[in-house]
>>> print(open('model-v9.csv').read())   # CSV, C-alpha atoms
chain,number,residue,atom,x,y,z
A,1,MET,CA,25.2,-4.2,-13.2
A,2,VAL,CA,26.6,-7.1,-11.3
A,3,ASP,CA,25.6,-10.7,-11.1
A,4,ARG,CA,24.6,-12.5,-7.9
A,5,GLY,CA,28.3,-13.2,-7.1
A,6,GLY,CA,29.1,-9.5,-7.4
A,7,ARG,CA,30.9,-9.7,-10.7
A,8,PRO,CA,30.3,-7.0,-13.3
A,9,LEU,CA,27.9,-8.0,-16.1
A,10,VAL,CA,28.9,-6.6,-19.4
A,11,LEU,CA,27.2,-7.9,-22.6
A,12,GLY,CA,28.5,-7.3,-26.1
A,13,LEU,CA,25.5,-7.3,-28.5
A,14,ALA,CA,25.8,-6.0,-32.0
A,15,PRO,CA,24.0,-2.6,-32.5
A,16,ALA,CA,21.7,-4.3,-35.0
A,17,VAL,CA,20.6,-6.8,-32.4
A,18,VAL,CA,19.9,-4.1,-29.8
A,19,ASP,CA,17.9,-2.2,-32.4
A,20,GLY,CA,15.8,-5.3,-33.0
A,21,LEU,CA,15.2,-5.7,-29.3
A,22,ARG,CA,14.2,-2.1,-29.0
A,23,ALA,CA,11.8,-2.4,-31.8
A,24,GLN,CA,10.0,-5.1,-29.8
A,25,LEU,CA,9.6,-2.9,-26.7
A,26,PRO,CA,5.9,-1.9,-27.2
A,27,ALA,CA,4.9,-5.5,-27.9
A,28,VAL,CA,6.9,-7.0,-25.1
A,29,ALA,CA,5.5,-4.4,-22.6
A,30,GLU,CA,1.9,-5.2,-23.8
A,31,HIS,CA,2.5,-8.9,-23.6
A,32,THR,CA,4.0,-8.5,-20.1
A,33,VAL,CA,0.9,-6.7,-18.8
A,34,ASP,CA,-1.5,-9.2,-20.4
A,35,ALA,CA,0.4,-12.1,-18.7
A,36,VAL,CA,0.3,-10.3,-15.3
A,37,ILE,CA,-3.4,-9.8,-15.7
A,38,ALA,CA,-3.9,-13.4,-16.5
A,39,GLU,CA,-1.6,-14.9,-13.9
A,40,VAL,CA,-1.7,-12.6,-10.9
A,41,ALA,CA,-5.2,-12.3,-9.5
A,42,GLU,CA,-4.6,-9.1,-7.6
A,43,TYR,CA,-3.9,-7.3,-10.9
A,44,ALA,CA,-6.8,-8.7,-12.9
A,45,GLU,CA,-9.0,-5.6,-12.4
A,46,PRO,CA,-6.6,-2.8,-11.4
A,47,MET,CA,-4.6,-3.1,-14.6
A,48,ARG,CA,-7.5,-2.8,-17.0
A,49,GLY,CA,-8.4,0.6,-18.5
A,50,GLU,CA,-6.3,3.7,-17.9
A,51,LEU,CA,-4.2,2.2,-15.1
A,52,GLY,CA,-3.3,-0.7,-17.3
A,53,ALA,CA,-2.2,1.7,-20.1
A,54,ASN,CA,0.0,3.6,-17.5
A,55,ILE,CA,1.5,0.4,-16.3
A,56,THR,CA,2.2,-0.7,-19.9
A,57,ARG,CA,4.1,2.5,-20.5
A,58,ALA,CA,6.0,2.1,-17.2
A,59,VAL,CA,7.0,-1.5,-18.2
A,60,GLU,CA,8.2,-0.2,-21.6
A,61,MET,CA,10.3,2.5,-19.9
A,62,ALA,CA,11.9,-0.1,-17.5
A,63,LEU,CA,12.7,-2.4,-20.4
A,64,GLY,CA,14.1,0.5,-22.4
A,65,THR,CA,16.4,1.4,-19.5
A,66,PHE,CA,17.6,-2.2,-19.6
A,67,LEU,CA,18.5,-2.0,-23.3
A,68,ARG,CA,20.4,1.2,-22.7
A,69,LEU,CA,22.4,-0.6,-20.0
A,70,VAL,CA,23.1,-3.4,-22.4
A,71,GLU,CA,24.0,-1.0,-25.2
A,72,THR,CA,26.5,1.0,-23.1
A,73,ALA,CA,27.7,-1.8,-20.8
A,74,ALA,CA,26.8,0.5,-17.9
A,75,THR,CA,27.3,-0.5,-14.3
A,76,LEU,CA,25.3,0.6,-11.2
A,77,GLU,CA,26.4,4.2,-10.7
A,78,PRO,CA,24.7,7.1,-8.9
A,79,GLY,CA,22.7,9.2,-11.3
A,80,GLY,CA,23.0,6.6,-14.1
A,81,PRO,CA,20.1,5.0,-15.9
A,82,LEU,CA,20.0,2.0,-13.5
A,83,ALA,CA,19.7,4.4,-10.5
A,84,ALA,CA,16.7,6.1,-12.2
A,85,ALA,CA,15.1,2.7,-12.8
A,86,LEU,CA,15.6,1.7,-9.2
A,87,GLU,CA,14.0,4.9,-8.0
A,88,GLY,CA,11.0,4.2,-10.2
A,89,ALA,CA,10.8,0.6,-8.8
A,90,TYR,CA,11.0,2.0,-5.2
A,91,ALA,CA,8.2,4.4,-5.9
A,92,LEU,CA,6.2,1.6,-7.5
A,93,GLY,CA,6.5,-0.5,-4.3
A,94,ARG,CA,5.3,2.4,-2.1
A,95,GLY,CA,2.3,3.0,-4.5
A,96,GLU,CA,1.4,-0.7,-4.3
A,97,ALA,CA,1.4,-0.5,-0.5
A,98,ARG,CA,-0.8,2.5,-0.6
A,99,ALA,CA,-3.2,0.6,-2.9
A,100,GLY,CA,-3.4,-2.2,-0.4
A,101,ARG,CA,-1.7,-4.8,-2.6
A,102,THR,CA,0.8,-7.2,-1.0
A,103,MET,CA,4.5,-7.5,-1.9
A,104,ASP,CA,3.8,-11.1,-2.9
A,105,ALA,CA,1.5,-9.9,-5.7
A,106,LEU,CA,4.1,-7.4,-6.9
A,107,ALA,CA,6.9,-10.0,-6.7
A,108,ALA,CA,4.8,-12.4,-8.8
A,109,ALA,CA,4.3,-9.7,-11.4
A,110,TYR,CA,8.0,-9.2,-11.6
A,111,ARG,CA,8.6,-12.9,-12.1
A,112,VAL,CA,6.0,-13.0,-14.9
A,113,GLY,CA,7.6,-9.9,-16.5
A,114,ALA,CA,11.0,-11.4,-16.4
A,115,ARG,CA,9.8,-14.6,-18.0
A,116,VAL,CA,7.9,-12.8,-20.8
A,117,ALA,CA,10.7,-10.4,-21.5
A,118,TRP,CA,13.3,-13.2,-21.7
A,119,ARG,CA,11.1,-15.5,-23.8
A,120,GLU,CA,10.6,-12.8,-26.5
A,121,TRP,CA,14.0,-11.2,-26.4
A,122,GLY,CA,15.8,-14.5,-26.2
A,123,THR,CA,13.9,-15.8,-29.2
A,124,THR,CA,15.0,-12.6,-31.1
A,125,ALA,CA,18.6,-13.0,-30.0
A,126,VAL,CA,18.8,-16.6,-31.2
A,127,GLU,CA,17.2,-15.7,-34.5
A,128,GLU,CA,19.8,-12.9,-34.9
A,129,GLY,CA,22.6,-15.5,-34.5
A,130,VAL,CA,23.8,-14.4,-31.1
A,131,PRO,CA,26.3,-17.1,-29.8
A,132,PRO,CA,24.9,-19.4,-27.2
A,133,ALA,CA,27.4,-18.2,-24.5
A,134,VAL,CA,26.2,-14.7,-25.0
A,135,VAL,CA,22.6,-15.7,-25.0
A,136,VAL,CA,23.2,-17.4,-21.6
A,137,GLN,CA,24.8,-14.2,-20.3
A,138,PHE,CA,22.0,-12.2,-21.7
A,139,ALA,CA,19.5,-14.3,-19.7
A,140,GLU,CA,21.5,-13.8,-16.6
A,141,LEU,CA,21.6,-10.0,-17.2
A,142,VAL,CA,17.8,-9.9,-17.7
A,143,PHE,CA,17.1,-11.7,-14.4
A,144,ALA,CA,19.8,-9.8,-12.5
A,145,TYR,CA,18.1,-6.5,-13.6
A,146,ILE,CA,14.6,-7.8,-12.6
A,147,ASP,CA,16.1,-8.9,-9.2
A,148,GLN,CA,17.3,-5.4,-8.5
A,149,LEU,CA,14.1,-3.7,-9.5
A,150,SER,CA,12.2,-6.2,-7.3
A,151,GLY,CA,14.5,-5.5,-4.4
A,152,ALA,CA,13.9,-1.7,-4.8
A,153,SER,CA,10.2,-2.3,-4.8
A,154,VAL,CA,10.3,-4.4,-1.7
A,155,ALA,CA,12.2,-1.6,0.1
A,156,GLY,CA,9.6,0.9,-1.1
A,157,HIS,CA,6.7,-1.3,-0.1
A,158,THR,CA,8.2,-1.9,3.4
A,159,ASP,CA,9.0,1.7,4.0
A,160,GLU,CA,5.5,2.8,3.0
A,161,LEU,CA,3.8,0.3,5.3
A,162,ALA,CA,6.1,1.4,8.2
A,163,THR,CA,5.5,5.1,7.5
A,164,SER,CA,1.8,4.8,7.0
A,165,GLY,CA,1.5,2.6,10.1
A,166,ARG,CA,3.3,5.1,12.3
A,167,VAL,CA,1.3,8.0,10.9
A,168,ARG,CA,-2.0,6.2,11.3
A,169,SER,CA,-1.1,5.2,14.9
A,170,GLN,CA,-0.5,8.9,15.7
A,171,TYR,CA,-3.8,9.9,14.1
A,172,LEU,CA,-5.6,7.2,16.2
A,173,GLU,CA,-3.9,8.4,19.4
A,174,ARG,CA,-5.0,11.9,18.7
A,175,LEU,CA,-8.6,10.7,17.9
A,176,GLY,CA,-8.6,8.7,21.2
A,177,ARG,CA,-7.4,11.7,23.2
A,178,ALA,CA,-10.1,13.9,21.6
A,179,LEU,CA,-12.8,11.3,22.4
A,180,VAL,CA,-12.0,10.9,26.1
A,181,THR,CA,-11.6,14.6,26.6
A,182,GLY,CA,-15.0,15.4,25.1
A,183,ALA,CA,-14.1,17.3,21.9
A,184,ASP,CA,-17.0,18.5,19.8
A,185,THR,CA,-18.6,16.4,17.1
A,186,ASP,CA,-17.1,18.2,14.2
A,187,GLU,CA,-13.5,17.7,15.5
A,188,LEU,CA,-14.2,14.1,16.3
A,189,THR,CA,-15.6,13.4,12.8
A,190,HIS,CA,-12.6,15.2,11.2
A,191,ARG,CA,-10.1,13.2,13.3
A,192,ALA,CA,-11.9,9.9,12.6
A,193,GLU,CA,-11.7,10.6,8.8
A,194,ARG,CA,-8.1,11.5,9.0
A,195,ALA,CA,-7.3,8.3,10.9
A,196,ASP,CA,-9.3,6.2,8.5
A,197,TRP,CA,-11.4,5.0,11.4
A,198,PRO,CA,-15.0,4.2,10.6
A,199,PRO,CA,-17.1,5.5,13.5
A,200,PRO,CA,-19.4,3.0,15.3
A,201,HIS,CA,-22.7,3.9,16.7
A,202,THR,CA,-21.6,3.6,20.3
A,203,LEU,CA,-18.4,3.2,22.4
A,204,THR,CA,-17.8,1.7,25.8
A,205,ALA,CA,-14.8,2.6,27.9
A,206,VAL,CA,-12.9,-0.3,29.6
A,207,LEU,CA,-10.0,0.2,32.0
A,208,LEU,CA,-7.6,-2.7,32.5
A,209,PRO,CA,-4.0,-3.4,33.3
A,210,SER,CA,-1.7,-2.4,30.4
A,211,VAL,CA,0.0,-5.8,30.3
A,212,GLN,CA,-3.4,-7.3,29.4
A,213,ALA,CA,-4.6,-4.7,26.9
A,214,SER,CA,-3.2,-6.1,23.7
A,215,ALA,CA,-4.5,-9.6,24.4
A,216,VAL,CA,-8.0,-8.4,25.2
A,217,ALA,CA,-8.1,-5.9,22.3
A,218,GLY,CA,-7.2,-8.8,19.9
A,219,LEU,CA,-10.5,-10.4,20.9
A,220,LEU,CA,-12.6,-7.4,20.2
A,221,ASP,CA,-13.9,-5.4,17.2
A,222,ARG,CA,-10.9,-4.3,15.1
A,223,ARG,CA,-12.0,-0.7,15.5
A,224,THR,CA,-11.3,-0.8,19.2
A,225,LEU,CA,-9.0,2.0,20.3
A,226,VAL,CA,-6.2,1.2,22.7
A,227,LEU,CA,-5.1,4.3,24.7
A,228,SER,CA,-2.3,4.4,27.2
A,229,SER,CA,-2.5,6.6,30.3
A,230,ASP,CA,-0.1,9.0,28.5
A,231,VAL,CA,-2.6,9.4,25.6
A,232,THR,CA,-5.7,9.9,27.8
A,233,ALA,CA,-3.8,12.4,30.0
A,234,ALA,CA,-6.4,12.0,32.7
A,235,GLY,CA,-4.4,11.1,35.7
A,236,LEU,CA,-4.9,7.4,35.5
A,237,PRO,CA,-2.3,5.1,37.0
A,238,GLU,CA,0.6,4.6,34.6
A,239,ASP,CA,-0.1,0.8,34.2
A,240,VAL,CA,-3.7,1.3,33.2
A,241,THR,CA,-4.8,1.2,29.6
A,242,THR,CA,-8.2,2.4,28.2
A,243,LEU,CA,-10.0,0.5,25.5
A,244,LEU,CA,-12.8,2.2,23.6
A,245,VAL,CA,-14.9,-0.8,22.4
A,246,PRO,CA,-17.3,-0.2,19.5
A,247,ASP,CA,-21.0,-1.2,19.5
A,248,VAL,CA,-21.1,-3.4,22.6
A,249,GLY,CA,-24.9,-3.0,22.7
A,250,GLU,CA,-26.8,-6.0,23.9
A,251,SER,CA,-23.5,-8.0,24.1
A,252,ARG,CA,-22.5,-6.2,27.3
A,253,ALA,CA,-22.8,-9.5,29.2
A,254,SER,CA,-20.5,-11.1,26.6
A,255,LEU,CA,-18.0,-8.4,27.1
A,256,LEU,CA,-18.1,-8.9,30.9
A,257,GLN,CA,-17.7,-12.6,30.4
A,258,LEU,CA,-14.7,-12.0,28.1
A,259,LEU,CA,-13.1,-10.0,30.9
A,260,ARG,CA,-13.8,-12.6,33.6
A,261,ASN,CA,-10.9,-13.0,36.1
A,262,ARG,CA,-9.4,-9.7,34.9
A,263,PRO,CA,-9.3,-6.6,37.2
A,264,ALA,CA,-11.1,-4.4,34.6
A,265,VAL,CA,-13.6,-1.6,35.0
A,266,VAL,CA,-16.3,-1.4,32.3
A,267,GLY,CA,-18.0,2.0,31.8
A,268,PRO,CA,-21.5,2.6,30.4
A,269,THR,CA,-22.2,2.5,26.7
A,270,ARG,CA,-22.6,5.9,25.1
A,271,ALA,CA,-22.9,7.4,21.6
A,272,TRP,CA,-19.4,7.3,20.0
A,273,THR,CA,-19.2,11.1,20.2
A,274,ASP,CA,-20.1,11.0,23.9
A,275,VAL,CA,-17.7,8.3,25.1
A,276,ALA,CA,-16.0,10.8,27.3
A,277,ALA,CA,-18.9,10.2,29.7
A,278,SER,CA,-18.2,6.5,29.7
A,279,PHE,CA,-14.5,7.0,30.3
A,280,SER,CA,-15.1,9.5,33.1
A,281,ARG,CA,-17.5,7.2,34.9
A,282,ALA,CA,-15.1,4.2,34.6
A,283,ALA,CA,-12.3,6.3,36.1
A,284,LYS,CA,-14.5,7.4,39.0
A,285,VAL,CA,-15.6,3.8,39.7
A,286,LEU,CA,-11.9,2.7,39.6
A,287,ALA,CA,-11.2,5.4,42.3
A,288,ILE,CA,-14.1,4.1,44.4
A,289,THR,CA,-13.5,0.4,44.1
A,290,ALA,CA,-9.7,0.7,44.5
A,291,PRO,CA,-9.2,3.7,46.8
A,292,GLY,CA,-5.7,4.8,47.6
A,293,THR,CA,-4.1,2.4,45.2
A,294,ASP,CA,-2.1,3.1,42.1
A,295,SER,CA,-2.7,-0.1,40.2
A,296,LEU,CA,-5.5,-2.3,38.9
A,297,ASN,CA,-3.2,-5.2,39.7
A,298,SER,CA,-3.2,-4.3,43.4
A,299,GLY,CA,-5.9,-6.9,44.1
A,300,SER,CA,-8.1,-4.4,45.9
A,301,LEU,CA,-11.0,-4.8,43.5
A,302,ASP,CA,-13.7,-6.9,45.2
A,303,ILE,CA,-15.0,-8.3,41.8
A,304,ALA,CA,-13.4,-8.6,38.4
A,305,PRO,CA,-14.5,-7.1,36.2
A,306,VAL,CA,-16.3,-4.2,37.8
A,307,ASP,CA,-19.5,-3.1,35.9
A,308,THR,CA,-20.0,0.6,36.6
A,309,GLU,CA,-23.8,0.1,36.2
A,310,GLU,CA,-23.7,-1.8,39.5
A,311,HIS,CA,-22.1,1.1,41.3
A,312,LEU,CA,-24.4,4.0,40.5
A,313,GLY,CA,-25.3,4.5,44.2
A,314,SER,CA,-21.6,4.7,45.2
A,315,LEU,CA,-21.1,7.3,42.4
A,316,VAL,CA,-23.9,9.5,43.7
A,317,LEU,CA,-22.4,9.4,47.2
A,318,ALA,CA,-18.9,10.1,45.8
A,319,ALA,CA,-20.1,13.2,43.8
A,320,ASP,CA,-19.3,15.5,46.7
A,321,PRO,CA,-16.8,13.8,49.1
A,322,GLN,CA,-16.7,16.8,51.5
A,323,ALA,CA,-20.5,16.9,51.8
A,324,VAL,CA,-20.5,13.2,52.6
A,325,ALA,CA,-17.7,13.7,55.2
A,326,ASP,CA,-19.7,16.5,56.8
A,327,LEU,CA,-22.9,14.4,56.9
A,328,ARG,CA,-21.1,11.4,58.3
A,329,ALA,CA,-19.6,13.6,61.1
A,330,ARG,CA,-23.0,14.9,62.0
A,331,VAL,CA,-24.7,11.5,61.9
A,332,LEU,CA,-22.0,10.0,64.1
A,333,ALA,CA,-22.0,12.9,66.6
A,334,PRO,CA,-24.0,10.9,69.2
A,335,LEU,CA,-21.2,8.4,69.4
A,336,ALA,CA,-18.5,11.0,70.1
A,337,GLY,CA,-16.5,10.4,73.2
A,338,LEU,CA,-16.7,6.6,72.9
A,339,PRO,CA,-13.5,4.6,72.2
A,340,ALA,CA,-12.9,4.5,68.5
A,341,ALA,CA,-13.4,0.7,68.3
A,342,THR,CA,-16.7,0.9,70.2
A,343,ALA,CA,-17.9,3.7,68.0
A,344,ASP,CA,-17.1,1.7,64.9
A,345,ARG,CA,-18.9,-1.4,66.1
A,346,LEU,CA,-22.0,0.6,67.0
A,347,ALA,CA,-22.0,2.5,63.6
A,348,GLU,CA,-21.6,-0.8,61.8
A,349,THR,CA,-24.5,-2.3,63.7
A,350,LEU,CA,-26.7,0.7,63.1
A,351,ARG,CA,-26.1,0.6,59.4
A,352,SER,CA,-26.9,-3.1,59.2
A,353,TRP,CA,-30.0,-2.7,61.4
A,354,LEU,CA,-31.4,0.0,59.2
A,355,LEU,CA,-30.6,-1.8,55.9
A,356,HIS,CA,-32.2,-5.1,57.3
A,357,GLN,CA,-35.2,-3.1,58.6
A,358,GLY,CA,-34.6,-4.3,62.1
A,359,ARG,CA,-34.4,-8.0,61.4
A,360,ARG,CA,-32.1,-9.0,64.3
A,361,GLU,CA,-31.2,-12.5,62.9
A,362,ASP,CA,-30.2,-11.0,59.6
A,363,VAL,CA,-28.0,-8.4,61.3
A,364,ALA,CA,-26.4,-11.1,63.4
A,365,ARG,CA,-25.6,-13.2,60.3
A,366,GLU,CA,-24.1,-10.3,58.4
A,367,LEU,CA,-21.9,-9.1,61.3
A,368,PHE,CA,-21.0,-12.7,62.6
A,369,ILE,CA,-22.3,-11.9,66.1
A,370,HIS,CA,-25.0,-13.3,68.4
A,371,PRO,CA,-28.5,-11.9,68.2
A,372,GLN,CA,-28.2,-11.0,71.8
A,373,THR,CA,-25.2,-8.9,71.0
A,374,VAL,CA,-27.3,-7.1,68.4
A,375,ARG,CA,-30.0,-6.5,71.0
A,376,TYR,CA,-27.4,-5.1,73.5
A,377,ARG,CA,-25.8,-2.7,70.9
A,378,MET,CA,-29.2,-1.5,69.7
A,379,GLY,CA,-30.0,-0.6,73.2
A,380,GLN,CA,-26.9,1.5,73.4
A,381,LEU,CA,-27.8,3.2,70.1
A,382,ARG,CA,-31.4,4.0,71.1
A,383,SER,CA,-30.2,5.6,74.2
A,384,ARG,CA,-27.9,7.9,72.2
A,385,TYR,CA,-30.1,8.6,69.1
A,386,GLY,CA,-33.5,8.6,70.8
A,387,ASP,CA,-36.4,9.5,68.6
A,388,ARG,CA,-34.1,10.1,65.6
A,389,LEU,CA,-34.2,6.4,64.8
A,390,GLN,CA,-38.0,6.8,64.2
A,391,ASP,CA,-37.7,10.0,62.0
A,392,PRO,CA,-37.7,9.0,58.3
A,393,ALA,CA,-35.6,12.1,57.3
A,394,ALA,CA,-33.0,11.3,60.0
A,395,VAL,CA,-32.9,7.6,59.0
A,396,PHE,CA,-32.4,8.6,55.4
A,397,GLU,CA,-29.4,10.7,56.3
A,398,ILE,CA,-28.0,8.0,58.5
A,399,ILE,CA,-28.2,5.4,55.7
A,400,LEU,CA,-26.6,7.9,53.3
A,401,ALA,CA,-23.7,8.7,55.7
A,402,LEU,CA,-23.0,5.1,56.7
A,403,GLY,CA,-23.5,3.7,53.2
A,404,ALA,CA,-20.6,5.8,51.9
A,405,PRO,CA,-17.0,4.7,52.7
A,406,ALA,CA,-15.3,6.8,55.4
A,407,ALA,CA,-13.0,9.5,53.8
A,408,ALA,CA,-9.3,8.6,54.0
A,409,PRO,CA,-6.9,11.0,55.6
A,410,ALA,CA,-5.6,13.7,53.3
A,411,SER,CA,-2.2,12.0,53.2
A,412,GLU,CA,-3.8,8.8,51.8
A,413,GLN,CA,-6.0,10.4,49.2
A,414,PRO,CA,-5.0,9.3,45.6
A,415,THR,CA,-3.5,12.1,43.7
A,416,GLY,CA,-3.0,10.6,40.2
A,417,ARG,CA,0.1,11.5,38.3
A,418,GLY,CA,-0.3,15.2,38.2
>>> encode(input="model-v9.csv", output="structure tokens")
Amino acid sequence: MVDRGGRPLVLGLAPAVVDGLRAQLPAVAEHTVDAVIAEVAEYAEPMRGELGANITRAVEMALGTFLRLVETAATLEPGGPLAAALEGAYALGRGEARAGRTMDALAAAYRVGARVAWREWGTTAVEEGVPPAVVVQFAELVFAYIDQLSGASVAGHTDELATSGRVRSQYLERLGRALVTGADTDELTHRAERADWPPPHTLTAVLLPSVQASAVAGLLDRRTLVLSSDVTAAGLPEDVTTLLVPDVGESRASLLQLLRNRPAVVGPTRAWTDVAASFSRAAKVLAITAPGTDSLNSGSLDIAPVDTEEHLGSLVLAADPQAVADLRARVLAPLAGLPAATADRLAETLRSWLLHQGRREDVARELFIHPQTVRYRMGQLRSRYGDRLQDPAAVFEIILALGAPAAAPASEQPTGRG
């Protein structure tokens, strides 16, 4: 071993002194464990019973390794006794991370162990007449040894957290993908168990810009799943992230309030195993409210956030775009042959007239035109549509056709990411 300055530490103790220290090993190990239980709260319960007995034996072995190093004046060499002790300390650090205990707790236990070991062995060394200079060096050797064990445990603890964190992230990503693609309940339950993710009763899909996802997720239930567009693999824009928010329930208004001033789309709440339906609806409403764009940040959303429950009619109309396009073409056939601008103005007026049930003043206010202009346009429309404006079935089709957005040219249709 070496001291903190990198100088070799070699201790010359008489064999009889070493034998006396070795005879104390069981007692020193037991006293060390008792002190750790008493002084480090995290170990008060775990180290009682069988686990405590195992730890006592491990402490005894570590201290025994130290005495072999003292006896043979060994240095840190691959395959030597110190290397084996460091491997054990590394494994201990990983085990403590898996058990959920912090490195601070383990470091405190090491400090307690060093103090107890030195107090008892130092007393024996003095009683055996070991010179003061050697006693001082003995103390330095004890604490240098504990430092190295503690450092190995820190490395093990850190590696375990990093590894388990990466692995769990992968499991959560696979769970998220299975959820939004509609995997069966058995598979979802299995993936949730493997990811150590306690399933909620319900989930709600929220789409929002990726740059805002972490900040929003930090304000939500810790079980919220954060899925990039790569994970969902559903053709969403690259800068859109999906949050699956647990148990929104009656707090949906609170969720919408939390998302205020953000260009988010909030899907319906569904049973956690059926959140694919929430995700699908949110994606469809995004396509409706921001047609032809590739970003939630494009500023094309009329309101933020968008609640899909307020767009059910638009979803119904968008269910078969080609049927809507055909219906619109048939409904607007009487306006064929007019200049495009004129046809658009008349179609806009007809839609407003039907929705306002013929209230001319309301139509004028909506379209920012004079009531006389409304009268003039309706005269043109009656001459072209005739009795169809009195036929309930025809009026229903006109409202459906004009209530849906006009289909964009094929070249402008959003294609996703392939």
>>> residues_around(input="model-v9.csv", residues="A:Val126", least_positions_apart="3", cutoff="12 Å", atoms="only C-alpha atoms", output="NGL selection string")
:A and (13 or 17 or 20-21 or 118-123 or 129-136 or 138-139)
>>> closest_residue(input="model-v9.csv", among="A:Ser210, A:Arg174, A:Val180, A:Val248", to="A:Arg194", atoms="all atoms listed in the file")
A:Arg174
>>> atom_distance(input="model-v9.csv", atom1="atom CA of A:Pro81", atom2="atom CA of A:Leu69")
7.3 Å
>>> atom_distance(input="model-v9.csv", atom1="atom CA of A:Ser280", atom2="atom CA of A:Gln212")
20.8 Å
>>> atom_distance(input="model-v9.csv", atom1="atom CA of A:Gln322", atom2="atom CA of A:Val275")
27.8 Å
>>> closest_residue(input="model-v9.csv", among="A:Gly218, A:Gly313, A:Gly100, A:Pro15", to="A:Tyr43", atoms="all atoms listed in the file")
A:Gly100
>>> residues_near_point(input="model-v9.csv", point="(-0.3, -0.6, -6.3)", cutoff="10 Å", atoms="only C-alpha atoms", output="NGL selection string")
:A and (42-43 or 46-47 or 91-103 or 105-106 or 157)
>>> closest_residue(input="model-v9.csv", among="A:Leu258, A:Ala340, A:Val33, A:Val206", to="A:Thr308", atoms="all atoms listed in the file")
A:Val206
>>> residues_around(input="model-v9.csv", residues="A:Arg359", least_positions_apart="4", cutoff="12 Å", atoms="all atoms listed in the file", output="PyMOL selection string")
chain A and resi 349-350+352-355+363-366+371+374-375+378
>>> write_last_selection(input="model-v9.csv", atoms="C-alpha atoms", output="tab-separated table (two decimals), in the coordinates of the input")
chain	number	residue	atom	x	y	z
A	349	THR	CA	-24.50	-2.30	63.70
A	350	LEU	CA	-26.70	0.70	63.10
A	352	SER	CA	-26.90	-3.10	59.20
A	353	TRP	CA	-30.00	-2.70	61.40
A	354	LEU	CA	-31.40	0.00	59.20
A	355	LEU	CA	-30.60	-1.80	55.90
A	363	VAL	CA	-28.00	-8.40	61.30
A	364	ALA	CA	-26.40	-11.10	63.40
A	365	ARG	CA	-25.60	-13.20	60.30
A	366	GLU	CA	-24.10	-10.30	58.40
A	371	PRO	CA	-28.50	-11.90	68.20
A	374	VAL	CA	-27.30	-7.10	68.40
A	375	ARG	CA	-30.00	-6.50	71.00
A	378	MET	CA	-29.20	-1.50	69.70
>>> residues_near_point(input="model-v9.csv", point="(-13.8, 14.9, 16.7)", cutoff="12 Å", atoms="only C-alpha atoms", output="PyMOL selection string")
chain A and resi 171-172+174-195+197+199+272-276
>>> closest_residue(input="model-v9.csv", among="A:Asp221, A:Glu310, A:Glu238, A:Asp326", to="A:Leu207", atoms="all atoms listed in the file")
A:Glu238
>>> closest_residue(input="model-v9.csv", among="A:Ala152, A:Val245, A:Ala29, A:Thr204", to="A:Arg223", atoms="only C-alpha atoms")
A:Val245
>>> closest_residue(input="model-v9.csv", among="A:Ala271, A:Val395, A:Leu203, A:Leu312", to="A:Asp247", atoms="all atoms listed in the file")
A:Leu203
>>> axis_aligned_box(input="model-v9.csv", around="stretch 159-176 of chain A", padding_each_side="5 Å", output="AutoDock Vina command-line options")
--center_x 0.2 --center_y 6.1 --center_z 12.1 --size_x 27.6 --size_y 21.6 --size_z 28.2
